Amino acid sequence: MSLSEKHRWCLAKIGEAFSPEITKAETQAFMRQETTLTKFASFFRGEGSGRIFIFYQPTEEGEFGASAEEVGPKLLTISDGNNGLMLYKCCYFVRNTQPGTGLDLTKSGDIDLLFGELGASPLGTIEAILSQAHRPMIDSYDSWGKVDDEQKK
């Protein structure tokens with residue numbers, strides 16, 4: 001199966017997220033794995049949860065108290081987010097379309113597919129997103145209609 005523009009865009013984003021720890025060849029090998037291609041194809045068609053998470057971490061769980069370095073080498077893995085434990089950081093893709101609506105595979109980066117990263121501290125990452133992106137937008141919005149001042153805050 002040849003890779004679409006959308007695949008290539010996702011591939012570049014995965015490489016950026018985990019650079020310099022992984023090489024371009026490693027990300028390409030990951031994308032060309034049958035399980036990865038199948039999950040992305042389903043995701044692009046509009047099937048499933050509407051999100052995909054990519055992890056770069058050891059795949060085995062260690063004994064209590066064992067460090068991740070003692071567990072094994074880091075590998076790229078894919079998940080819909082319903083299973084797996086994030087040990088380091090991950091990147092994710094979210095369909096920005098109506099449920100069941102497929103993506104245009106001829107376009108690389110478009111508003112139909114969103115990308116993001118969660119750092120080793122997911123709550124810290126979410127707080128940074130909310131305070132740096134959403135808070136200024138909400139603060140500058142002035143068309144609240146009949147909402148009173150207390151509710152605006």
# chains A, B, ... in the order shown; residues from 1 in each chain; ligands from 1
$ residues_around --residues "stretch 14-21 of chain A" --least-positions-apart "6" --cutoff "12 Å" --atoms "only C-alpha atoms" --output "PyMOL selection string"
chain A and resi 7-8+27-31+52-57+73-78+88-93+115-119
$ write_last_selection --atoms "N, CA and C atoms" --output "tab-separated table (two decimals), in the first residue's frame"
chain	number	residue	atom	x	y	z
A	7	HIS	N	-0.99	10.29	5.29
A	7	HIS	CA	-0.03	9.41	5.97
A	7	HIS	C	1.32	10.12	6.14
A	8	ARG	N	1.77	10.75	5.07
A	8	ARG	CA	3.08	11.42	5.11
A	8	ARG	C	3.09	12.56	6.12
A	27	THR	N	10.53	5.83	11.95
A	27	THR	CA	9.14	6.25	11.84
A	27	THR	C	8.50	5.67	10.57
A	28	GLN	N	9.27	5.61	9.48
A	28	GLN	CA	8.74	5.03	8.25
A	28	GLN	C	8.47	3.54	8.40
A	29	ALA	N	9.37	2.84	9.08
A	29	ALA	CA	9.17	1.41	9.32
A	29	ALA	C	7.93	1.19	10.18
A	30	PHE	N	7.72	2.04	11.17
A	30	PHE	CA	6.54	1.94	12.02
A	30	PHE	C	5.27	2.15	11.19
A	31	MET	N	5.25	3.19	10.36
A	31	MET	CA	4.05	3.49	9.57
A	31	MET	C	3.74	2.37	8.58
A	52	ILE	N	-6.20	8.78	17.68
A	52	ILE	CA	-5.12	7.79	17.68
A	52	ILE	C	-3.98	8.37	18.50
A	53	PHE	N	-3.42	7.54	19.37
A	53	PHE	CA	-2.26	7.93	20.17
A	53	PHE	C	-1.06	7.13	19.72
A	54	ILE	N	0.10	7.79	19.65
A	54	ILE	CA	1.36	7.15	19.31
A	54	ILE	C	2.29	7.33	20.50
A	55	PHE	N	2.80	6.20	20.99
A	55	PHE	CA	3.72	6.19	22.12
A	55	PHE	C	5.10	5.75	21.65
A	56	TYR	N	6.13	6.28	22.29
A	56	TYR	CA	7.50	5.81	22.09
A	56	TYR	C	8.04	5.48	23.46
A	57	GLN	N	7.94	4.19	23.83
A	57	GLN	CA	8.31	3.76	25.17
A	57	GLN	C	8.46	2.25	25.19
A	73	PRO	N	13.90	-1.85	25.43
A	73	PRO	CA	14.06	-0.72	24.51
A	73	PRO	C	12.72	-0.04	24.22
A	74	LYS	N	12.80	1.22	23.87
A	74	LYS	CA	11.60	1.97	23.50
A	74	LYS	C	11.19	1.58	22.09
A	75	LEU	N	9.89	1.46	21.88
A	75	LEU	CA	9.32	1.15	20.57
A	75	LEU	C	8.14	2.07	20.30
A	76	LEU	N	7.90	2.35	19.03
A	76	LEU	CA	6.70	3.09	18.66
A	76	LEU	C	5.51	2.14	18.69
A	77	THR	N	4.43	2.56	19.33
A	77	THR	CA	3.21	1.77	19.38
A	77	THR	C	2.02	2.69	19.11
A	78	ILE	N	0.92	2.11	18.71
A	78	ILE	CA	-0.29	2.86	18.37
A	78	ILE	C	-1.45	2.37	19.22
A	88	TYR	N	6.19	8.16	29.24
A	88	TYR	CA	6.97	9.35	28.92
A	88	TYR	C	6.07	10.42	28.33
A	89	LYS	N	5.98	10.45	27.06
A	89	LYS	CA	5.09	11.37	26.37
A	89	LYS	C	4.50	10.64	25.18
A	90	CYS	N	3.49	11.25	24.59
A	90	CYS	CA	2.88	10.65	23.41
A	90	CYS	C	2.46	11.78	22.48
A	91	CYS	N	2.14	11.42	21.27
A	91	CYS	CA	1.51	12.36	20.36
A	91	CYS	C	0.17	11.76	19.95
A	92	TYR	N	-0.71	12.61	19.47
A	92	TYR	CA	-2.04	12.12	19.12
A	92	TYR	C	-2.57	12.85	17.89
A	93	PHE	N	-3.50	12.18	17.24
A	93	PHE	CA	-4.22	12.73	16.10
A	93	PHE	C	-5.71	12.62	16.42
A	115	PHE	N	-3.40	17.60	15.47
A	115	PHE	CA	-2.24	16.94	16.05
A	115	PHE	C	-1.87	17.62	17.35
A	116	GLY	N	-1.39	16.82	18.30
A	116	GLY	CA	-0.91	17.38	19.56
A	116	GLY	C	0.02	16.43	20.25
A	117	GLU	N	0.62	16.90	21.32
A	117	GLU	CA	1.53	16.09	22.14
A	117	GLU	C	1.13	16.22	23.60
A	118	LEU	N	1.27	15.14	24.33
A	118	LEU	CA	1.12	15.16	25.77
A	118	LEU	C	2.48	14.85	26.36
A	119	GLY	N	2.97	15.73	27.23
A	119	GLY	CA	4.27	15.53	27.83
A	119	GLY	C	4.23	14.52	28.97
$ residues_around --residues "stretch 37-49 of chain A" --least-positions-apart "2" --cutoff "7 Å" --atoms "only C-alpha atoms" --output "ChimeraX atom specification"
/A:31-35,51,80,99-103
$ residues_around --residues "stretch 3-5 of chain A" --least-positions-apart "6" --cutoff "8 Å" --atoms "only C-alpha atoms" --output "PyMOL selection string"
chain A and resi 105-108
$ atom_distance --atom1 "atom CA of A:Val94" --atom2 "atom CA of A:Trp9"
13.4 Å
$ select_by_dssp --residues "stretch 3-123 of chain A" --states "strand (DSSP E or B)" --output "VMD selection string"
chain A and resid 51 to 57 75 to 79 90 to 95 113 to 118
$ write_last_selection --atoms "C-alpha atoms" --output "mmCIF file, in the first residue's frame"
data_model
loop_
_atom_site.group_PDB
_atom_site.id
_atom_site.type_symbol
_atom_site.label_atom_id
_atom_site.label_comp_id
_atom_site.auth_asym_id
_atom_site.auth_seq_id
_atom_site.Cartn_x
_atom_site.Cartn_y
_atom_site.Cartn_z
ATOM 1 C CA ARG A 51 -8.445 9.596 17.907
ATOM 2 C CA ILE A 52 -5.122 7.788 17.676
ATOM 3 C CA PHE A 53 -2.264 7.930 20.171
ATOM 4 C CA ILE A 54 1.361 7.151 19.309
ATOM 5 C CA PHE A 55 3.718 6.195 22.120
ATOM 6 C CA TYR A 56 7.498 5.807 22.089
ATOM 7 C CA GLN A 57 8.305 3.760 25.171
ATOM 8 C CA LEU A 75 9.319 1.146 20.574
ATOM 9 C CA LEU A 76 6.703 3.089 18.655
ATOM 10 C CA THR A 77 3.205 1.771 19.376
ATOM 11 C CA ILE A 78 -0.288 2.863 18.371
ATOM 12 C CA SER A 79 -3.462 2.949 20.456
ATOM 13 C CA CYS A 90 2.885 10.655 23.407
ATOM 14 C CA CYS A 91 1.505 12.362 20.361
ATOM 15 C CA TYR A 92 -2.038 12.123 19.124
ATOM 16 C CA PHE A 93 -4.222 12.735 16.102
ATOM 17 C CA VAL A 94 -7.889 13.701 16.366
ATOM 18 C CA ARG A 95 -10.369 13.760 13.487
ATOM 19 C CA LEU A 113 -7.048 16.361 11.307
ATOM 20 C CA LEU A 114 -5.596 17.817 14.497
ATOM 21 C CA PHE A 115 -2.235 16.938 16.049
ATOM 22 C CA GLY A 116 -0.915 17.383 19.555
ATOM 23 C CA GLU A 117 1.526 16.090 22.137
ATOM 24 C CA LEU A 118 1.121 15.162 25.773
#
$ closest_residue --among "A:Glu150, A:Ile111, A:Lys13, A:Lys24" --to "A:Thr97" --atoms "only C-alpha atoms"
A:Ile111
$ closest_residue --among "A:Gly50, A:Gly109, A:Pro58, A:Gly84" --to "A:Lys6" --atoms "only C-alpha atoms"
A:Gly109
